[in-house]
Amino acid sequence: MKDVEADLQDQITRYLSNQEWNDLTDQVNRLANDPQPNTLARVFTGVPRTIRSADTALRITVDGAVSVDSGRLPLLIRDWPLARLIRVWVLMNIPKLELSAYISLIERLFQYGEMEELAALYAALPIYHYPTEWRFRCTEGIRSNMAPVRQAVILNNPYPSHFLDEGAWNQLVLKAFFTDENIPQIIGLKTRNNGKLAGALVDYAYELYAAKRNINPFLWILVAPFLDERAYRLMEQIIQESQQTLTRKAIAYAFGTGNFAPATDFITRNSELTDLRNTAGTPWDGWLDQTD
Amino acid sequence: MCNYSERDRASMGERVALELDLVKGFRFFDPHIHMVSRTTDDYQAMADAGVVAVIEPAFWVGQPRTGIDTFRDYYSSLIGWERFRASQFGIRHFCTIGLNSREANNEALAEAVMELLPFFIYKEGVVGIGEIGFDDQTAAEEKYYRLQLELAKEAALPVQVHTPHRDKTKGTSRSMDIALEHGLDPGKVIIDHNTEETVKEVLDKGFWAAFTIYPFTKMGNERMVEIVKQYGPERILVNSAADWGISDPLAVPKTAALMVKSGISKEVIEQVCFKNAVAAFGQSGQLDESMLAEHIVIDQGQKFEGNSILRGGQQPRRDAGSIIIS
């Protein structure tokens, strides 16, 4: 806990005046000693007022994962506004109260949250105590129609892959394709990949193909381990028609790695496709070795 | 809170089109518009006409609410979904939060709303308490108007005052007298829905005078032009108050176009259609000109936040995918 505290504090202090930092630590100490709903609401909402000198256009990225403590998932800080970083830090400083008190304290912030507050609240899912209690809240975030809020749950957030059941997880991935998110930023995509999801993605691909719309090539990477006749029929057509290298590469990769005989035969028959199986420079390069 | 049935249909005349070329290069700020009642097409048209920022006052939604939860969800939508929807069109969305006069008459509910307000008024982008004031001018309306003036004082926020449709002149004077009685600085109070009958007193007493171009017609706009000619641009604001009734979300740019035609200078037009709104509501500390100027850049960043790859050759686009219910 100490290290992370120091890490985050170091990030935060970098952008604040001494006065602002003192005000903030005063507020957080008060909160840690006496976590009253009204105090929390005031501190949490008031963050932008406390940090007036900071540049609102600033976005903060911290390399790697920031581990909080052994009981909690790490945070992945990618392009966060400073106010979000501070709000998550404030939430980390709420002591572990008895279950219902702790949940209702934080749930209240969700109920009254404005857009950026909601993004911070969802980005903080990994660090809340009683992690299994936040599953429904997580699915609510995935259902949000506000892009920054939805992205805070779907992207660079380790909570969903650890705690969602298969149905909810699949909804997250489908939603990410529907809303054109950067798919490799979904944490746990590889370990949680499954046949039902692949089936739904193939249905979606058929739908897009019928409407003559683009299909995100990454879809084929997720389908790869679950190739079947239905998937193969469409992919075979697309790899021959498509002018897009990434699309052809994704399908060639899927054909080459799956255990579906017609696909393997297709690759063998079309030796000119061998080059396409090279993953260098593709969005799934590196991702394929991912273990989390 | 713009009462459909009480708008004088006969005075509305013919709809005027926006002469876009006359207002090319202008930036507009509509400081009173109820976007929850408008479609996404309106946002598109407003963005195309040069509207870069709006203020959405909390109001009556067309029929009375029966429970506190609907109030909470409504306020939440003003700081959440509506803010996001506007951002998709490069429009900065602010709001004022308050208990409207009409629903102040349901005292049991009004009490509960008063307890709810402190949870919302300190939020980012909340630029005032509003729209509050009188409708029927009942005792209950007066009670909650006074309580909310005190709340505004405590939170150091501007106040957006709705003036009644019936018995307007007296109701407007009374609204101002009560605000002064509570020790509010008239320079932090915006009196809305003015007419030729009320404007002089409002300006003389040091308040801001906002005009709603209800009748979206040439006549309505022309009356506005005359007022600006007569009183000048100091402390005068133009808004559309567009809502679920007959109203026009392009009222501000259309009025500006007519001002251009009438030979009013660009500086004056910018003042009444943009700068005065920033100055009046900027007193909340939640809004200033530099923020509005930087907005476009930030917004494009936001759209692609966490999605840094603009795929080969793609132009930044409006994130329409997020508006489609997915």
# chains A, B, ... in the order shown; residues from 1 in each chain; ligands from 1
>>> interface_residues(of="chain A", to="chain B", cutoff="10 Å", atoms="only C-alpha atoms", output="PyMOL selection string")
chain A and resi 38+41-42+44-49+52+56-59+78-81+109+111-118+143-152+155-156+174-185
>>> closest_atom_pairs(of="stretch 105-222 of chain B", to="stretch 39-61 of chain B", cutoff="10 Å", atoms="only C-alpha atoms", output="JSON lines")
{"residue": "B:Gly125", "atom": "CA", "partner": "B:Ile55", "partner_atom": "CA", "distance": 9.4}
{"residue": "B:Val126", "atom": "CA", "partner": "B:Ile55", "partner_atom": "CA", "distance": 9.0}
{"residue": "B:Val127", "atom": "CA", "partner": "B:Ile55", "partner_atom": "CA", "distance": 8.1}
{"residue": "B:Gly128", "atom": "CA", "partner": "B:Pro57", "partner_atom": "CA", "distance": 8.6}
{"residue": "B:Ile129", "atom": "CA", "partner": "B:Pro57", "partner_atom": "CA", "distance": 8.2}
{"residue": "B:Gly130", "atom": "CA", "partner": "B:Pro57", "partner_atom": "CA", "distance": 5.5}
{"residue": "B:Glu131", "atom": "CA", "partner": "B:Pro57", "partner_atom": "CA", "distance": 5.5}
{"residue": "B:Ile132", "atom": "CA", "partner": "B:Phe59", "partner_atom": "CA", "distance": 8.4}
{"residue": "B:Gln160", "atom": "CA", "partner": "B:Pro57", "partner_atom": "CA", "distance": 7.9}
{"residue": "B:Val161", "atom": "CA", "partner": "B:Pro57", "partner_atom": "CA", "distance": 9.9}
{"residue": "B:His162", "atom": "CA", "partner": "B:Phe59", "partner_atom": "CA", "distance": 9.6}
>>> select_by_dssp(residues="stretch 74-248 of chain B", states="strand (DSSP E or B)", output="CSV table (one decimal) with C-alpha atoms, in the first residue's frame")
chain,number,residue,atom,x,y,z
B,92,ARG,CA,-20.0,22.3,-24.3
B,93,HIS,CA,-23.0,21.6,-22.1
B,94,PHE,CA,-23.4,23.3,-18.7
B,95,CYS,CA,-26.5,23.4,-16.5
B,96,THR,CA,-28.2,25.1,-13.7
B,97,ILE,CA,-29.9,23.0,-11.0
B,126,VAL,CA,-23.1,23.4,-12.7
B,127,VAL,CA,-23.0,27.1,-13.3
B,128,GLY,CA,-25.9,28.3,-11.2
B,129,ILE,CA,-29.1,27.7,-9.4
B,130,GLY,CA,-32.0,27.7,-11.9
B,131,GLU,CA,-34.5,28.0,-13.2
B,132,ILE,CA,-36.3,29.2,-10.1
B,133,GLY,CA,-38.8,31.9,-9.4
B,159,VAL,CA,-29.1,32.5,-10.1
B,160,GLN,CA,-31.2,32.0,-13.2
B,161,VAL,CA,-34.6,33.4,-12.6
B,162,HIS,CA,-37.7,32.3,-14.5
B,189,VAL,CA,-28.7,37.1,-11.0
B,190,ILE,CA,-29.9,36.6,-14.5
B,191,ILE,CA,-33.6,37.5,-15.0
B,208,TRP,CA,-28.7,40.7,-16.2
B,209,ALA,CA,-31.6,40.7,-18.6
B,210,ALA,CA,-32.1,37.6,-20.7
B,211,PHE,CA,-34.5,37.4,-23.6
B,212,THR,CA,-36.1,34.3,-24.9
B,217,THR,CA,-40.4,34.1,-36.1
B,236,ILE,CA,-28.2,41.6,-22.2
B,237,LEU,CA,-28.4,37.9,-23.2
B,238,VAL,CA,-30.3,36.1,-25.9
B,239,ASN,CA,-31.5,32.6,-25.5
>>> closest_residue(among="A:Asp7, A:Gln237, A:Arg14, A:Ala224", to="A:Asn259", atoms="only C-alpha atoms")
A:Ala224
>>> select_by_dssp(residues="stretch 18-251 of chain A", states="helix (DSSP H, G or I)", output="PyMOL selection string")
chain A and resi 18-33+37-45+47-50+82-92+99-111+115-123+125-127+131-143+147-154+159-163+166-178+183-185+195-210+218-226+229-241+245-251
>>> write_last_selection(atoms="C-alpha atoms", output="compact mmCIF listing (two decimals), in the first residue's frame")
# COMPACT_ATOMS: atom_id res chain seq x y z
CA ASN A 18 1.81 23.10 -2.69
CA GLN A 19 -1.34 24.74 -1.45
CA GLU A 20 -3.55 22.51 -3.58
CA TRP A 21 -1.69 19.40 -2.47
CA ASN A 22 -2.02 20.41 1.19
CA ASP A 23 -5.75 21.03 0.79
CA LEU A 24 -6.17 17.68 -0.85
CA THR A 25 -4.24 15.70 1.77
CA ASP A 26 -6.14 17.48 4.55
CA GLN A 27 -9.41 16.41 2.96
CA VAL A 28 -8.26 12.83 2.40
CA ASN A 29 -6.93 12.48 5.94
CA ARG A 30 -10.22 13.71 7.32
CA LEU A 31 -11.99 11.20 5.12
CA ALA A 32 -9.72 8.33 6.17
CA ASN A 33 -10.36 9.09 9.84
CA PRO A 37 -21.08 10.18 3.27
CA ASN A 38 -21.27 13.96 3.14
CA THR A 39 -17.53 14.42 3.59
CA LEU A 40 -16.82 11.89 0.88
CA ALA A 41 -19.34 13.45 -1.51
CA ARG A 42 -17.83 16.88 -0.97
CA VAL A 43 -14.23 15.78 -1.40
CA PHE A 44 -14.96 13.57 -4.39
CA THR A 45 -17.10 16.12 -6.24
CA VAL A 47 -11.68 17.67 -6.85
CA PRO A 48 -11.69 20.03 -9.86
CA ARG A 49 -12.23 22.97 -7.51
CA THR A 50 -9.29 21.88 -5.37
CA LEU A 82 -5.65 14.39 -13.45
CA ALA A 83 -9.04 14.68 -11.72
CA ARG A 84 -9.66 10.97 -12.39
CA LEU A 85 -6.32 9.98 -10.93
CA ILE A 86 -7.00 12.02 -7.82
CA ARG A 87 -10.51 10.69 -7.44
CA VAL A 88 -9.30 7.09 -7.64
CA TRP A 89 -6.67 7.92 -5.06
CA VAL A 90 -9.37 9.39 -2.82
CA LEU A 91 -11.42 6.19 -3.20
CA MET A 92 -8.35 4.09 -2.30
CA LEU A 99 -19.61 -4.46 4.09
CA SER A 100 -22.97 -2.71 3.81
CA ALA A 101 -21.62 0.62 5.06
CA TYR A 102 -18.73 0.48 2.62
CA ILE A 103 -20.92 -0.42 -0.35
CA SER A 104 -23.58 2.17 0.34
CA LEU A 105 -20.96 4.87 0.83
CA ILE A 106 -19.56 4.32 -2.64
CA GLU A 107 -22.85 3.42 -4.33
CA ARG A 108 -24.12 6.83 -3.37
CA LEU A 109 -21.35 8.42 -5.42
CA PHE A 110 -22.45 6.35 -8.41
CA GLN A 111 -26.04 7.54 -7.98
CA MET A 115 -19.87 12.05 -16.41
CA GLU A 116 -16.22 12.35 -15.35
CA GLU A 117 -17.01 11.26 -11.78
CA LEU A 118 -18.63 8.13 -13.18
CA ALA A 119 -15.58 7.40 -15.30
CA ALA A 120 -13.41 7.65 -12.15
CA LEU A 121 -15.78 5.46 -10.14
CA TYR A 122 -15.71 2.73 -12.78
CA ALA A 123 -11.96 3.03 -13.36
CA LEU A 125 -13.43 -1.00 -9.72
CA PRO A 126 -10.15 -2.93 -9.24
CA ILE A 127 -9.37 -1.25 -5.95
CA PRO A 131 -14.55 -7.12 -4.94
CA THR A 132 -17.28 -9.68 -5.62
CA GLU A 133 -19.92 -7.16 -4.56
CA TRP A 134 -19.29 -4.91 -7.57
CA ARG A 135 -20.32 -7.29 -10.33
CA PHE A 136 -23.69 -5.73 -11.00
CA ARG A 137 -22.19 -2.25 -10.89
CA CYS A 138 -19.61 -3.37 -13.45
CA THR A 139 -22.32 -4.60 -15.84
CA GLU A 140 -24.15 -1.28 -15.39
CA GLY A 141 -21.01 0.51 -16.54
CA ILE A 142 -20.78 -1.67 -19.64
CA ARG A 143 -24.39 -0.72 -20.41
CA ALA A 147 -18.44 6.64 -24.09
CA PRO A 148 -15.92 7.85 -21.46
CA VAL A 149 -17.85 5.99 -18.75
CA ARG A 150 -18.16 2.79 -20.73
CA GLN A 151 -14.50 2.94 -21.75
CA ALA A 152 -13.45 3.26 -18.11
CA VAL A 153 -14.92 -0.21 -17.49
CA ILE A 154 -14.17 -1.91 -20.78
CA TYR A 159 -11.87 -6.00 -12.91
CA PRO A 160 -14.30 -7.41 -15.53
CA SER A 161 -12.16 -10.37 -16.62
CA HIS A 162 -11.64 -11.39 -12.99
CA PHE A 163 -15.19 -11.13 -11.78
CA GLU A 166 -19.28 -15.66 -19.09
CA GLY A 167 -22.52 -14.06 -20.25
CA ALA A 168 -21.59 -10.64 -18.90
CA TRP A 169 -18.04 -10.94 -20.17
CA ASN A 170 -19.26 -11.77 -23.66
CA GLN A 171 -21.56 -8.74 -23.58
CA LEU A 172 -18.55 -6.58 -22.72
CA VAL A 173 -16.58 -7.84 -25.71
CA LEU A 174 -19.51 -7.58 -28.11
CA LYS A 175 -20.24 -4.07 -26.89
CA ALA A 176 -16.59 -3.12 -27.46
CA PHE A 177 -16.80 -4.27 -31.09
CA PHE A 178 -20.13 -2.47 -31.57
CA ILE A 183 -9.93 -4.18 -28.71
CA PRO A 184 -6.42 -5.10 -27.48
CA GLN A 185 -6.95 -2.70 -24.57
CA GLY A 195 -16.76 -20.64 -27.93
CA LYS A 196 -20.03 -18.86 -27.21
CA LEU A 197 -18.37 -15.51 -27.71
CA ALA A 198 -16.80 -16.68 -30.96
CA GLY A 199 -20.23 -17.83 -32.15
CA ALA A 200 -21.77 -14.45 -31.36
CA LEU A 201 -18.89 -12.66 -33.07
CA VAL A 202 -19.36 -14.75 -36.20
CA ASP A 203 -23.09 -13.87 -36.21
CA TYR A 204 -22.10 -10.25 -35.91
CA ALA A 205 -19.60 -10.61 -38.76
CA TYR A 206 -22.30 -12.10 -41.01
CA GLU A 207 -24.54 -9.16 -40.18
CA LEU A 208 -21.82 -6.62 -41.02
CA TYR A 209 -20.89 -8.48 -44.17
CA ALA A 210 -24.51 -8.43 -45.38
CA PHE A 218 -9.36 -8.48 -34.45
CA LEU A 219 -12.69 -10.30 -34.48
CA TRP A 220 -11.07 -13.14 -36.46
CA ILE A 221 -8.30 -13.50 -33.88
CA LEU A 222 -10.90 -14.23 -31.20
CA VAL A 223 -12.73 -16.61 -33.51
CA ALA A 224 -9.51 -18.49 -34.42
CA PRO A 225 -9.53 -21.15 -31.66
CA PHE A 226 -13.20 -21.95 -32.35
CA GLU A 229 -18.04 -24.61 -40.74
CA ARG A 230 -20.15 -21.48 -40.40
CA ALA A 231 -17.20 -19.26 -39.49
CA TYR A 232 -15.03 -20.81 -42.15
CA ARG A 233 -17.54 -20.20 -44.96
CA LEU A 234 -17.57 -16.46 -44.35
CA MET A 235 -13.86 -16.14 -43.67
CA GLU A 236 -12.93 -17.99 -46.82
CA GLN A 237 -15.05 -15.59 -48.83
CA ILE A 238 -13.63 -12.51 -47.14
CA ILE A 239 -9.97 -13.50 -47.38
CA GLN A 240 -10.41 -13.80 -51.14
CA GLU A 241 -12.40 -10.60 -51.61
CA THR A 245 -4.13 -6.42 -45.60
CA LEU A 246 -4.98 -6.52 -41.90
CA THR A 247 -8.20 -8.37 -42.59
CA ARG A 248 -6.44 -10.92 -44.77
CA LYS A 249 -3.65 -11.28 -42.21
CA ALA A 250 -6.13 -11.90 -39.40
CA ILE A 251 -7.96 -14.58 -41.34
>>> residues_around(residues="B:Thr66", least_positions_apart="2", cutoff="12 Å", atoms="only C-alpha atoms", output="JSON, numbers by chain")
{"B": [61, 63, 64, 68, 69, 70, 71, 72, 103, 106, 107, 108, 109, 110, 112, 113]}
>>> residues_around(residues="B:Ser240", least_positions_apart="2", cutoff="8 Å", atoms="only C-alpha atoms", output="MDAnalysis selection string")
chainID B and resid 30 32:33 212:214 238 242 247:252
>>> atom_distance(atom1="atom CA of A:Gly71", atom2="atom CA of A:His129")
8.3 Å
>>> residues_around(residues="stretch 253-270 of chain B", least_positions_apart="6", cutoff="9 Å", atoms="only C-alpha atoms", output="count of residues only")
30
>>> closest_residue(among="B:Glu196, B:Glu289, B:Asp136, B:Glu201", to="B:Thr163", atoms="only C-alpha atoms")
B:Asp136
>>> atom_distance(atom1="atom CA of A:Ile187", atom2="atom CA of A:Thr13")
28.5 Å
>>> closest_residue(among="B:Cys273, B:Ala104, B:Val36, B:Leu117", to="B:Ala140", atoms="only C-alpha atoms")
B:Ala104
